[in-house]
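J.: Got target10.cif for you, mmCIF, C-alpha atoms:
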```cif
data_final
loop_
_atom_site.label_atom_id
_atom_site.label_comp_id
_atom_site.auth_asym_id
_atom_site.auth_seq_id
_atom_site.Cartn_x
_atom_site.Cartn_y
_atom_site.Cartn_z
CA MET A 76 14.07 45.61 -27.95
CA PRO A 77 17.21 44.20 -26.38
CA GLY A 78 18.86 41.28 -28.04
CA PRO A 79 19.89 38.02 -26.42
CA SER A 80 22.09 38.33 -23.36
CA THR A 81 25.77 37.89 -24.01
CA ALA A 82 26.76 37.71 -20.37
CA SER A 83 28.90 34.73 -19.51
CA PRO A 84 27.19 32.07 -17.41
CA ALA A 85 27.72 32.05 -13.66
CA PRO A 86 30.58 29.86 -12.60
CA ALA A 87 29.62 26.41 -11.42
CA THR A 88 29.68 25.70 -7.71
CA PRO A 89 33.08 24.24 -6.92
CA PRO A 90 32.93 20.63 -5.84
CA GLY A 91 33.30 19.80 -2.17
CA PRO A 92 35.88 17.47 -0.68
CA GLN A 93 36.18 14.10 -2.36
CA LEU A 94 34.87 11.13 -0.42
CA THR A 95 37.99 9.00 -0.50
CA VAL A 96 38.06 5.56 1.11
CA ARG A 97 40.17 6.91 3.98
CA ARG A 98 37.76 9.78 4.58
CA LEU A 99 34.74 7.45 4.52
CA VAL A 100 36.38 5.13 7.04
CA LEU A 101 37.33 7.96 9.39
CA LEU A 102 33.92 9.61 9.19
CA SER A 103 32.26 6.26 9.90
CA ILE A 104 33.34 6.60 13.55
CA PRO A 105 31.22 9.70 14.28
CA ALA A 106 28.46 8.25 12.07
CA ILE A 107 28.24 5.15 14.28
CA LEU A 108 28.34 7.30 17.42
CA ILE A 109 25.53 9.48 16.08
CA GLY A 110 23.50 6.39 15.16
CA VAL A 111 23.77 4.90 18.64
CA LEU A 112 23.11 8.23 20.37
CA SER A 113 20.03 8.90 18.23
CA ALA A 114 18.54 5.46 18.90
CA VAL A 115 19.17 5.69 22.66
CA THR A 116 17.58 9.15 22.81
CA LEU A 117 14.50 7.90 20.94
CA TRP A 118 14.29 4.82 23.16
CA GLY A 119 14.60 6.85 26.35
CA LEU A 120 11.92 9.31 25.28
CA ASN A 121 9.57 6.46 24.36
CA GLN A 122 10.26 4.65 27.64
CA ILE A 123 9.33 7.67 29.74
CA ALA A 124 6.26 8.34 27.58
CA ASP A 125 5.18 4.69 27.95
CA GLN A 126 5.45 4.87 31.73
CA LEU A 127 3.44 8.08 31.81
CA GLU A 128 0.88 6.57 29.45
CA ASP A 129 0.49 3.54 31.68
CA GLY A 130 -0.15 5.82 34.63
CA LEU A 131 -2.70 7.97 32.82
CA TRP A 132 -4.60 5.23 31.03
CA THR A 133 -4.24 2.18 33.33
CA SER A 134 -3.11 2.82 36.90
CA LEU A 135 -4.90 6.10 37.61
CA PRO A 136 -8.35 5.19 36.21
CA LYS A 137 -8.13 1.78 37.89
CA SER A 138 -7.41 3.39 41.26
CA LEU A 139 -10.38 5.73 40.74
CA GLY A 140 -12.69 2.94 39.62
CA ILE A 141 -13.13 4.46 36.15
CA ALA A 142 -12.99 2.60 32.85
CA SER A 143 -10.02 3.89 30.85
CA ASP A 144 -12.06 3.76 27.63
CA SER A 145 -14.86 5.84 29.13
CA PRO A 146 -15.64 8.89 26.94
CA TRP A 147 -15.42 11.11 30.03
CA TRP A 148 -11.96 9.80 30.92
CA ILE A 149 -10.74 10.23 27.34
CA PHE A 150 -12.04 13.80 27.35
CA ALA A 151 -10.45 14.56 30.73
CA VAL A 152 -7.00 13.16 29.87
CA LEU A 153 -6.75 14.96 26.53
CA THR A 154 -7.96 18.22 28.05
CA PHE A 155 -5.37 17.90 30.82
CA THR A 156 -2.71 17.11 28.21
CA GLY A 157 -3.57 20.26 26.26
CA ILE A 158 -3.30 22.39 29.39
CA ALA A 159 0.00 20.77 30.40
CA VAL A 160 1.54 21.24 26.95
CA GLY A 161 0.32 24.84 26.83
CA LEU A 162 1.94 25.58 30.19
CA VAL A 163 5.29 24.18 29.02
CA VAL A 164 5.19 26.10 25.73
CA TRP A 165 4.31 29.28 27.62
CA LEU A 166 6.61 29.10 30.63
CA VAL A 167 9.61 26.85 29.90
CA PRO A 168 12.70 28.55 28.37
CA GLY A 169 12.76 28.14 24.63
CA HIS A 170 8.97 27.62 24.48
CA ALA A 171 9.46 24.01 23.30
CA GLY A 172 11.04 25.08 20.03
CA PRO A 173 9.35 25.82 16.72
CA ASP A 174 5.74 24.89 16.10
CA SER A 175 5.79 21.43 14.46
CA ALA A 176 3.20 22.68 11.99
CA THR A 177 5.93 24.84 10.45
CA THR A 178 8.69 22.22 10.26
CA GLU A 179 9.48 19.34 7.96
CA LEU A 180 11.23 16.10 8.92
CA ALA A 181 14.68 17.57 8.19
CA ALA A 182 15.61 19.90 11.02
CA THR A 183 18.18 22.58 11.80
CA PRO A 184 19.99 22.54 15.17
CA LEU A 185 18.22 24.18 18.08
CA PRO A 186 19.86 25.76 21.16
CA LEU A 187 20.37 23.13 23.84
CA SER A 188 18.25 25.19 26.25
CA VAL A 189 15.21 24.47 24.04
CA LEU A 190 15.53 20.68 24.15
CA PRO A 191 14.20 19.94 27.69
CA GLY A 192 10.93 21.73 27.00
CA LEU A 193 10.59 20.09 23.60
CA ALA A 194 11.20 16.65 25.07
CA VAL A 195 8.62 17.24 27.81
CA VAL A 196 5.84 18.30 25.43
CA VAL A 197 6.55 15.35 23.12
CA MET A 198 6.33 12.89 26.00
CA LEU A 199 3.12 14.52 27.25
CA SER A 200 1.60 14.31 23.78
CA LEU A 201 2.63 10.70 23.23
CA ALA A 202 1.35 9.64 26.65
CA GLY A 203 -1.81 11.72 26.57
CA GLY A 204 -3.21 10.21 23.38
CA VAL A 205 -2.56 13.12 21.00
CA SER A 206 -2.74 12.08 17.33
CA LEU A 207 0.88 12.91 16.46
CA GLY A 208 4.04 10.82 16.21
CA PRO A 209 7.47 11.56 17.66
CA GLU A 210 9.34 11.91 14.36
CA ASN A 211 9.71 15.68 13.84
CA PRO A 212 10.66 16.56 17.46
CA ILE A 213 13.00 13.60 17.96
CA VAL A 214 14.80 14.46 14.71
CA ALA A 215 15.23 18.04 15.97
CA ILE A 216 16.47 16.82 19.36
CA ASN A 217 18.94 14.36 17.84
CA VAL A 218 20.27 16.84 15.29
CA SER A 219 20.84 19.43 18.03
CA LEU A 220 22.54 16.95 20.37
CA ALA A 221 24.71 15.48 17.63
CA VAL A 222 25.91 18.86 16.41
CA ALA A 223 26.66 20.00 19.98
CA ILE A 224 28.55 16.81 20.91
CA ILE A 225 30.42 15.97 17.69
CA ALA A 226 31.37 19.58 16.96
CA ARG A 227 33.04 19.76 20.38
CA MET A 228 34.90 16.50 19.79
CA SER A 229 36.15 17.24 16.29
CA LYS A 230 36.18 20.23 13.96
CA ALA A 231 36.84 17.96 10.98
CA VAL A 232 33.18 16.95 10.61
CA PRO A 233 31.07 19.72 9.06
CA PRO A 234 27.94 20.61 11.09
CA ALA A 235 25.78 20.13 7.98
CA LEU A 236 27.06 16.54 7.65
CA ILE A 237 26.49 15.92 11.37
CA GLY A 238 22.89 17.07 10.99
CA ALA A 239 22.35 14.86 7.94
CA LEU A 240 23.76 11.84 9.78
CA ALA A 241 21.51 12.51 12.79
CA ILE A 242 18.45 12.71 10.54
CA SER A 243 19.42 9.45 8.85
CA ALA A 244 20.14 7.76 12.17
CA THR A 245 16.80 8.83 13.63
CA ILE A 246 14.89 7.59 10.59
CA GLY A 247 16.71 4.26 10.89
CA ALA A 248 15.84 4.09 14.59
CA LEU A 249 12.19 5.05 14.05
CA PHE A 250 11.59 2.37 11.43
CA GLY A 251 14.07 -0.20 12.73
CA THR A 252 15.89 -0.46 9.39
CA PRO A 253 18.33 1.71 7.41
CA VAL A 254 16.32 1.12 4.22
CA ALA A 255 13.92 3.98 4.96
CA ALA A 256 16.82 6.37 5.53
CA ALA A 257 18.47 5.25 2.28
CA LEU A 258 15.27 5.94 0.34
CA VAL A 259 14.81 9.37 1.91
CA PHE A 260 18.43 10.37 1.34
CA THR A 261 18.42 9.22 -2.27
CA GLY A 262 16.41 12.34 -2.98
CA MET A 263 18.66 14.57 -0.88
CA VAL A 264 22.19 13.58 -1.86
CA GLY A 265 22.26 16.17 -4.60
CA GLU A 266 22.51 18.79 -1.84
CA PHE A 267 25.69 17.22 -0.43
CA LYS A 268 28.69 19.29 -1.50
CA MET A 269 30.89 16.25 -1.87
CA GLY A 270 32.28 14.45 -4.86
CA GLY A 271 31.80 10.79 -5.62
CA SER A 272 29.09 8.42 -6.77
CA LEU A 273 25.60 8.07 -5.34
CA TRP A 274 26.70 5.26 -3.02
CA ASP A 275 29.70 7.28 -1.86
CA LYS A 276 27.27 9.97 -0.74
CA LEU A 277 24.87 7.45 0.79
CA PHE A 278 27.62 5.58 2.62
CA LEU A 279 27.80 7.68 5.79
CA PRO A 280 24.02 8.18 6.17
CA LEU A 281 23.64 4.41 5.84
CA VAL A 282 26.31 3.81 8.48
CA ALA A 283 24.44 6.15 10.87
CA ALA A 284 21.04 4.64 10.00
CA GLY A 285 22.40 1.12 10.36
CA ALA A 286 23.85 1.89 13.78
CA GLY A 287 20.56 3.49 14.80
CA SER A 288 18.41 0.59 13.60
CA VAL A 289 20.64 -2.09 15.18
CA THR A 290 20.66 -0.19 18.48
CA THR A 291 16.88 0.09 18.31
CA TYR A 292 16.61 -3.65 17.69
CA LEU A 293 18.88 -4.42 20.66
CA LEU A 294 16.75 -2.15 22.85
CA GLY A 295 13.59 -3.96 21.79
CA GLY A 296 12.07 -1.29 19.52
CA GLY A 297 11.37 -0.92 15.84
CA PHE A 298 8.58 -0.35 13.36
CA GLY A 299 7.59 -3.99 12.94
CA ALA A 300 5.39 -5.69 10.37
CA GLN A 301 1.83 -6.11 11.56
CA SER A 302 -0.15 -7.74 8.75
CA PRO A 303 -2.03 -11.02 9.28
CA PHE A 304 -2.86 -11.33 5.57
CA ASP A 305 -1.82 -14.04 3.18
CA PRO A 306 0.76 -12.97 0.57
CA TYR A 307 -0.74 -11.18 -2.40
CA GLY A 308 1.01 -13.41 -4.92
CA GLY A 309 1.24 -12.74 -8.65
CA PRO A 310 0.07 -9.41 -10.09
CA GLN A 311 -3.40 -9.33 -11.64
CA PRO A 312 -4.15 -6.66 -14.29
CA PHE A 313 -7.60 -5.76 -12.91
CA ASP A 314 -6.05 -5.17 -9.50
CA LEU A 315 -4.14 -2.24 -10.97
CA LEU A 316 -7.44 -0.46 -11.55
CA THR A 317 -9.03 -1.23 -8.19
CA GLY A 318 -5.78 -0.65 -6.32
CA SER A 319 -5.30 2.70 -8.06
CA LEU A 320 -8.84 3.69 -7.13
CA ILE A 321 -8.14 3.01 -3.45
CA ALA A 322 -4.76 4.76 -3.48
CA CYS A 323 -6.04 7.83 -5.33
CA ALA A 324 -9.14 8.07 -3.13
CA ALA A 325 -6.97 7.74 -0.01
CA ALA A 326 -4.65 10.46 -1.31
CA ALA A 327 -7.60 12.73 -2.08
CA PHE A 328 -8.92 12.16 1.45
CA GLY A 329 -5.50 13.14 2.79
CA LEU A 330 -5.60 16.32 0.71
CA VAL A 331 -8.90 17.33 2.33
CA GLY A 332 -7.13 17.40 5.69
CA ILE A 333 -4.15 19.21 4.17
CA TYR A 334 -6.30 22.02 2.74
CA LEU A 335 -8.16 22.38 6.04
CA PHE A 336 -4.86 22.52 7.94
CA PRO A 337 -3.97 26.23 7.46
CA LEU A 338 -7.57 27.28 8.18
CA VAL A 339 -7.67 25.32 11.44
CA HIS A 340 -4.17 26.54 12.39
CA ARG A 341 -5.27 30.13 11.82
CA ALA A 342 -8.40 29.63 13.92
CA PHE A 343 -6.49 28.24 16.93
CA HIS A 344 -3.63 30.72 16.75
CA ALA A 345 -6.04 33.65 16.60
CA LEU A 346 -6.14 33.18 20.40
CA ARG A 347 -2.38 33.98 20.38
CA HIS A 348 -1.62 32.66 23.87
CA PRO A 349 -0.26 29.07 23.82
CA LEU A 350 -2.08 28.11 27.00
CA LEU A 351 -5.39 29.14 25.43
CA PHE A 352 -5.06 27.59 22.00
CA THR A 353 -3.36 24.39 23.16
CA ALA A 354 -5.85 23.88 25.99
CA LEU A 355 -8.66 24.42 23.49
CA GLY A 356 -6.95 21.90 21.22
CA GLY A 357 -6.97 19.41 24.09
CA VAL A 358 -10.70 19.98 24.62
CA VAL A 359 -11.45 19.40 20.92
CA LEU A 360 -9.23 16.31 20.84
CA GLY A 361 -11.05 15.05 23.93
CA LEU A 362 -14.40 15.44 22.22
CA LEU A 363 -13.12 13.68 19.10
CA GLY A 364 -11.63 10.88 21.18
CA ALA A 365 -14.92 10.43 23.05
CA ILE A 366 -16.67 10.05 19.68
CA GLY A 367 -14.12 7.81 17.97
CA GLY A 368 -13.02 5.81 20.99
CA PRO A 369 -9.53 4.61 21.99
CA ILE A 370 -8.78 3.32 18.47
CA THR A 371 -8.53 6.95 17.27
CA LEU A 372 -6.05 8.07 19.95
CA PHE A 373 -2.24 8.18 20.08
CA LYS A 374 0.25 8.16 17.20
CA GLY A 375 -1.50 5.20 15.58
CA LEU A 376 1.09 2.43 15.28
CA ASP A 377 -0.38 0.13 17.92
CA GLN A 378 -3.86 1.10 16.77
CA SER A 379 -2.95 0.06 13.21
CA ALA A 380 -2.03 -3.37 14.57
CA GLU A 381 -5.38 -3.48 16.36
CA LEU A 382 -7.25 -2.77 13.12
CA LEU A 383 -5.25 -5.36 11.20
CA ALA A 384 -5.61 -8.03 13.87
CA ASP A 385 -9.33 -8.43 13.14
CA PRO A 386 -10.43 -6.54 10.00
CA ASP A 387 -13.88 -8.16 10.02
CA ALA A 388 -14.64 -6.49 13.36
CA TYR A 389 -14.81 -3.07 11.67
CA PRO A 390 -17.71 -2.66 9.20
CA PRO A 391 -17.54 0.10 6.55
CA GLY A 392 -19.66 2.50 8.60
CA GLN A 393 -17.36 2.25 11.61
CA LEU A 394 -14.26 2.58 9.43
CA THR A 395 -15.71 5.75 7.94
CA ILE A 396 -16.23 7.24 11.40
CA ILE A 397 -12.70 6.22 12.41
CA LEU A 398 -11.26 7.89 9.30
CA LEU A 399 -13.16 11.13 9.81
CA VAL A 400 -12.38 11.36 13.53
CA LYS A 401 -8.70 10.50 13.12
CA MET A 402 -8.19 12.98 10.29
CA ALA A 403 -9.88 15.69 12.33
CA ALA A 404 -7.72 14.75 15.34
CA LEU A 405 -4.55 14.91 13.26
CA VAL A 406 -5.41 18.33 11.82
CA VAL A 407 -6.38 19.72 15.25
CA ALA A 408 -3.31 18.29 17.02
CA ALA A 409 -0.98 19.62 14.34
CA SER A 410 -2.69 23.04 14.41
CA ALA A 411 -3.11 23.65 18.14
CA GLY A 412 0.51 23.93 19.24
CA PHE A 413 1.28 20.30 20.09
CA ARG A 414 4.72 19.08 19.02
CA GLY A 415 4.85 15.96 16.88
CA GLY A 416 5.08 14.43 13.43
CA ARG A 417 2.39 13.52 10.95
CA ILE A 418 3.72 10.33 9.32
CA PHE A 419 2.63 7.80 11.96
CA PRO A 420 -0.98 9.07 12.10
CA ALA A 421 -0.96 9.05 8.29
CA VAL A 422 -0.04 5.34 8.39
CA PHE A 423 -3.04 4.63 10.63
CA LEU A 424 -5.31 6.60 8.30
CA GLY A 425 -3.91 4.60 5.39
CA VAL A 426 -4.64 1.30 7.11
CA ALA A 427 -8.23 2.35 7.83
CA ALA A 428 -8.67 3.65 4.26
CA GLY A 429 -7.28 0.42 2.84
CA LEU A 430 -9.61 -1.71 4.96
CA LEU A 431 -12.55 0.43 3.89
CA GLY A 432 -11.52 0.14 0.24
CA GLY A 433 -11.13 -3.61 0.59
CA ALA A 434 -14.61 -3.86 2.11
CA LEU A 435 -16.14 -1.83 -0.73
CA LEU A 436 -14.16 -3.72 -3.41
CA PRO A 437 -14.21 -7.27 -2.06
CA GLY A 438 -12.49 -8.74 -5.11
CA LEU A 439 -9.20 -7.05 -4.19
CA PRO A 440 -6.95 -8.96 -1.74
CA LEU A 441 -6.79 -7.13 1.58
CA SER A 442 -2.98 -7.04 1.67
CA LEU A 443 -2.91 -4.99 -1.54
CA ALA A 444 -5.92 -2.91 -0.49
CA VAL A 445 -4.28 -1.92 2.81
CA ALA A 446 -0.94 -1.24 1.09
CA CYS A 447 -2.71 1.03 -1.41
CA GLY A 448 -4.50 2.91 1.35
CA ILE A 449 -1.23 3.50 3.17
CA LEU A 450 0.48 4.51 -0.07
CA GLY A 451 -2.18 7.11 -0.83
CA VAL A 452 -2.43 8.83 2.56
CA VAL A 453 1.30 8.79 3.32
CA LEU A 454 2.11 10.09 -0.17
CA ALA A 455 -0.30 13.00 0.33
CA ILE A 456 0.91 13.91 3.82
CA ALA A 457 4.65 13.08 3.63
CA ARG A 458 4.93 13.99 -0.09
CA ASP A 459 7.68 11.40 -0.53
CA GLY A 460 7.08 8.45 -2.84
CA TRP A 461 9.95 6.41 -1.41
CA VAL A 462 8.68 6.70 2.15
CA ALA A 463 5.13 5.87 1.04
CA LEU A 464 6.28 2.75 -0.84
CA PHE A 465 8.51 1.60 2.00
CA VAL A 466 5.89 2.02 4.73
CA ALA A 467 3.18 0.36 2.65
CA VAL A 468 5.29 -2.73 1.99
CA ALA A 469 6.76 -2.84 5.51
CA LEU A 470 3.44 -2.67 7.30
CA VAL A 471 1.71 -5.40 5.31
CA ASP A 472 4.93 -7.44 5.38
CA ASP A 473 4.37 -8.65 1.82
CA ILE A 474 7.02 -7.99 -0.81
CA THR A 475 4.73 -9.39 -3.53
CA VAL A 476 2.68 -6.16 -3.48
CA LEU A 477 5.71 -4.06 -4.46
CA PRO A 478 5.48 -4.51 -8.26
CA MET A 479 1.84 -3.37 -8.16
CA LEU A 480 2.60 -0.44 -5.86
CA CYS A 481 5.42 0.78 -8.13
CA ILE A 482 2.79 1.25 -10.84
CA ILE A 483 -0.08 2.41 -8.62
CA VAL A 484 2.12 5.14 -7.12
CA LEU A 485 2.26 6.87 -10.53
CA PRO A 486 -1.41 7.92 -10.87
CA THR A 487 -1.48 8.59 -7.12
CA TRP A 488 1.45 10.98 -7.48
CA LEU A 489 -0.49 12.90 -10.12
CA VAL A 490 -3.25 13.47 -7.56
CA VAL A 491 -0.91 15.07 -5.01
CA THR A 492 1.96 16.61 -6.97
CA ARG A 493 0.42 20.08 -7.49
CA ALA A 494 -1.40 20.21 -4.16
CA ARG A 495 -0.12 22.12 -1.15
CA GLU A 496 1.89 20.26 1.48
CA MET A 497 0.81 19.67 5.07
CA LEU A 498 3.00 22.50 6.26
CA ILE A 499 2.37 26.01 7.55
CA THR A 500 4.54 28.26 5.41
CA PRO A 501 5.92 31.74 6.23
CA ASP A 502 3.22 33.17 3.96
CA ASP A 503 0.55 31.38 6.00
CA LEU A 504 2.05 32.80 9.20
CA ALA A 505 2.16 36.31 7.75
CA ARG A 506 -1.55 36.12 6.94
CA GLU A 507 -2.61 34.89 10.37
CA ARG A 508 -0.48 36.97 12.75
CA PRO A 509 -0.35 40.70 13.56
CA PRO A 510 3.06 42.42 13.23
CA ALA A 511 3.85 42.41 16.97
CA ARG A 512 4.83 38.90 18.01
CA LEU A 513 4.92 37.44 21.47
CA PRO A 514 8.03 35.46 22.60
CA TRP A 515 6.54 32.01 21.95
CA GLU A 516 5.39 33.18 18.50
CA GLN A 517 8.94 34.22 17.67
CA ALA A 518 10.20 30.77 18.75
CA ALA A 519 7.51 29.08 16.67
CA SER A 520 8.59 30.95 13.54
CA VAL A 521 12.15 29.58 13.63
CA ARG A 522 12.53 27.16 10.72
#
```
Is it possible to give me this structure as structure tokens?

T.:
Amino acid sequence: MPGPSTASPAPATPPGPQLTVRRLVLLSIPAILIGVLSAVTLWGLNQIADQLEDGLWTSLPKSLGIASDSPWWIFAVLTFTGIAVGLVVWLVPGHAGPDSATTELAATPLPLSVLPGLAVVVMLSLAGGVSLGPENPIVAINVSLAVAIIARMSKAVPPALIGALAISATIGALFGTPVAAALVFTGMVGEFKMGGSLWDKLFLPLVAAGAGSVTTYLLGGGFGAQSPFDPYGGPQPFDLLTGSLIACAAAAFGLVGIYLFPLVHRAFHALRHPLLFTALGGVVLGLLGAIGGPITLFKGLDQSAELLADPDAYPPGQLTIILLVKMAALVVAASAGFRGGRIFPAVFLGVAAGLLGGALLPGLPLSLAVACGILGVVLAIARDGWVALFVAVALVDDITVLPMLCIIVLPTWLVVTRAREMLITPDDLARERPPARLPWEQAASVR
């Protein structure tokens, strides 16, 4: 039996360049540029999508004498959206980039030829009522643009740093504040091959996120607090139990969708051709939208505000239907070849879960109940405690819930920590695809 190894340990990875004050100041210039560029790109994409949405859901049905909330119109628009997205993925060069089901929020640069198709399918999805947000594709677009532009202007900024700054800037623009980016990057700074303290490493991402969030504010965008509730106030011990029940139940509900995700993805992609499986996805989304109504369509941010504006208008039975339809719509949209992120729909699901929990446990203040619902679903789907805490507090606009959430997140994390993520892995793809891949399947496998 061999004895203990006497081999010398592998040498430590040499430290990267030190983040001196001079270097931080110089790199702040491209960081600000990336922040502004990322916010403007997001704003422009949203503006075009809003105009298209207004045409599809207001002007066109009005001119035809059809109610825009008619189940038949909802079915028709989502079916058309599925066909349109499938055509772009099939025919446009680059095939609209990798399948969003296979990508996380952090993105690697894509060839510039891919970006037009990706932007078109995102705008179609946002305008057509698909239950996905813009976050994954817009991060990929901004990372690709930033690397292409900054790398041509200066070789002194490493492409990996440019990509990190673009991710941070886009997160700041999406949420209208650099705080979310700071929380996300706190868990990532260990990967930065640079010396210095934590705040040295966070400095440039915060500059980019700050520039992105300020630009978003000047352009009239942002995440925005939407809660009409009174402040929660001082912590109550019994609320820890009831709040934990809501958060853990919401997280468990999120995990049901996560475990169905690879099965549904496999079922759609068995058709192989993007026009077929994305058009079928549009048909299924149309049926779900006809059942759940307009409140279950789109990325969910405006619909969250609609739920919160009049919680008493949604009894527990209706909230249950909304939850089931929206979760099914999210899983189908993410599986059927549409491009988009999963965080914004998760926020809507969290709001609905929190309102349902508050209705079933009437002794718990609604502000904490909603925050716990958001915490649970976002933690399950995003698998990031910082993002879940930030979104929960930001949406209810009540800092007094934070001490309770910092405790409630602990048992909720135990529910999700060993579960699979809402992500199609290379192993999943290997199980669902034959060896010979078509061109759009090759593009979708790029991570």

J.: Would you compute the distance between CA of Glu507 (chain A) and CA of Ala182 (chain A)? Give it in Å to one decimal.

T.: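 Between CA of Glu507 (chain A) and CA of Ala182 (chain A) the gap works out to 23.6 Å.
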
J.: If the PyMOL selection byres ((chain A and resi 175) around 8) were run on this exact file, what residues would it hold? Put them as a ChimeraX atom specification.

T.: /A:173-174,176-179,211-212,409,412-416

J.: Check what the PyMOL selection byres ((chain A and resi 237) around 12) selects in the file above and give those residues as a VMD selection string.

T.: chain A and resid 102 to 110 113 182 to 184 217 to 236 238 to 244 267 279 to 280 283

J.: Translate the PyMOL selection byres ((chain A and resi 354) around 8) into a concrete residue list for this structure, as a PyMOL selection string.

T.: chain A and resi 154-161+349-353+355-358

J.: With all atoms listed in the file as the atoms that count, which of A:Leu376, A:Leu363, A:Leu190, A:Ala467 lies nearest to Gly451 (chain A)?

T.: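 Of A:Leu376, A:Leu363, A:Leu190, A:Ala467, the one nearest Gly451 (chain A) is A:Ala467, counting all atoms listed in the file.
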
J.: What does the structure give for the distance between CA of Ala463 (chain A) and CA of Pro337 (chain A), in Å to one decimal?

T.: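 So the answer is 23.2 Å.
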
J.: To one decimal in Å, tell me the separation between CA of Val462 (chain A) and CA of Leu441 (chain A).

T.: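 Computing it gives 20.8 Å between the two atoms.
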
J.: In terms of the shortest atom-to-atom distance over only C-alpha atoms, which of A:Ala171, A:Leu394, A:Ala403, A:Leu117 is closest to Ala434 (chain A)?

T.: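 That would be A:Leu394, the residue with the smallest distance to Ala434 (chain A).
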
J.: Compile the contact shell of region 321-327 of chain A as a list in words: residues with an atom at most 8 Å away, counting all atoms listed in the file, same-chain residues fewer than 5 positions apart removed.

T.: Gly425, Ala428, Gly429, Gly432, Ala444, Cys447, Gly448, Ile449, Leu450, Gly451, Val452, Val453, Leu454, Ala455, Ile483, Val484, Pro486, Thr487, Val490 and Val491 of chain A

J.: Save the residues we just selected, C-alpha atoms, as a PDB file, in the frame of the given file?

T.:
```
ATOM      1  CA  GLY A 425      -3.910   4.600   5.390  1.00  0.00           C
ATOM      2  CA  ALA A 428      -8.670   3.650   4.260  1.00  0.00           C
ATOM      3  CA  GLY A 429      -7.280   0.420   2.840  1.00  0.00           C
ATOM      4  CA  GLY A 432     -11.520   0.140   0.240  1.00  0.00           C
ATOM      5  CA  ALA A 444      -5.920  -2.910  -0.490  1.00  0.00           C
ATOM      6  CA  CYS A 447      -2.710   1.030  -1.410  1.00  0.00           C
ATOM      7  CA  GLY A 448      -4.500   2.910   1.350  1.00  0.00           C
ATOM      8  CA  ILE A 449      -1.230   3.500   3.170  1.00  0.00           C
ATOM      9  CA  LEU A 450       0.480   4.510  -0.070  1.00  0.00           C
ATOM     10  CA  GLY A 451      -2.180   7.110  -0.830  1.00  0.00           C
ATOM     11  CA  VAL A 452      -2.430   8.830   2.560  1.00  0.00           C
ATOM     12  CA  VAL A 453       1.300   8.790   3.320  1.00  0.00           C
ATOM     13  CA  LEU A 454       2.110  10.090  -0.170  1.00  0.00           C
ATOM     14  CA  ALA A 455      -0.300  13.000   0.330  1.00  0.00           C
ATOM     15  CA  ILE A 483      -0.080   2.410  -8.620  1.00  0.00           C
ATOM     16  CA  VAL A 484       2.120   5.140  -7.120  1.00  0.00           C
ATOM     17  CA  PRO A 486      -1.410   7.920 -10.870  1.00  0.00           C
ATOM     18  CA  THR A 487      -1.480   8.590  -7.120  1.00  0.00           C
ATOM     19  CA  VAL A 490      -3.250  13.470  -7.560  1.00  0.00           C
ATOM     20  CA  VAL A 491      -0.910  15.070  -5.010  1.00  0.00           C
TER      21      VAL A 491
END
```

J.: Can you pull out every residue within 10 Å of Glu496 (chain A), counting only C-alpha atoms, but drop anything in the same chain fewer than 4 positions away, and send it as a PyMOL selection string?

T.: chain A and resi 330+333-334+336+455-458+491-492+500

J.: When distances are computed from all atoms listed in the file, which of A:Arg506, A:Asp472, A:Ala411, A:Gly285 shows the smallest separation from Arg347 (chain A)?

T.: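 Closest to Arg347 (chain A), using all atoms listed in the file: A:Ala411.
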
J.: Counting all atoms listed in the file, which residue out of A:Ile370, A:Ala408, A:Leu180, A:Ala380 sits closest to Gln393 (chain A)?

T.: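 Of A:Ile370, A:Ala408, A:Leu180, A:Ala380, the one nearest Gln393 (chain A) is A:Ile370, counting all atoms listed in the file.
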
J.: Pick from A:Thr317, A:Ala404, A:Ile396, A:Arg417: nearest to Pro437 (chain A), with all atoms listed in the file counted?

T.: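 The answer is A:Thr317, which sits nearest to Pro437 (chain A).
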
J.: Could you give me, as a PyMOL selection string, the residues within 7 Å of Ile149 (chain A), counting all atoms listed in the file and dropping anything in the same chain fewer than 6 positions from it?

T.: chain A and resi 361+364-365

J.: Select, from A:Val471, A:Val196, A:Ala342, A:Ala114, the residue with the minimum atom-to-atom distance to Gly247 (chain A), counting all atoms listed in the file.

T.: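 Of A:Val471, A:Val196, A:Ala342, A:Ala114, the one nearest Gly247 (chain A), counting all atoms listed in the file, is A:Ala114.
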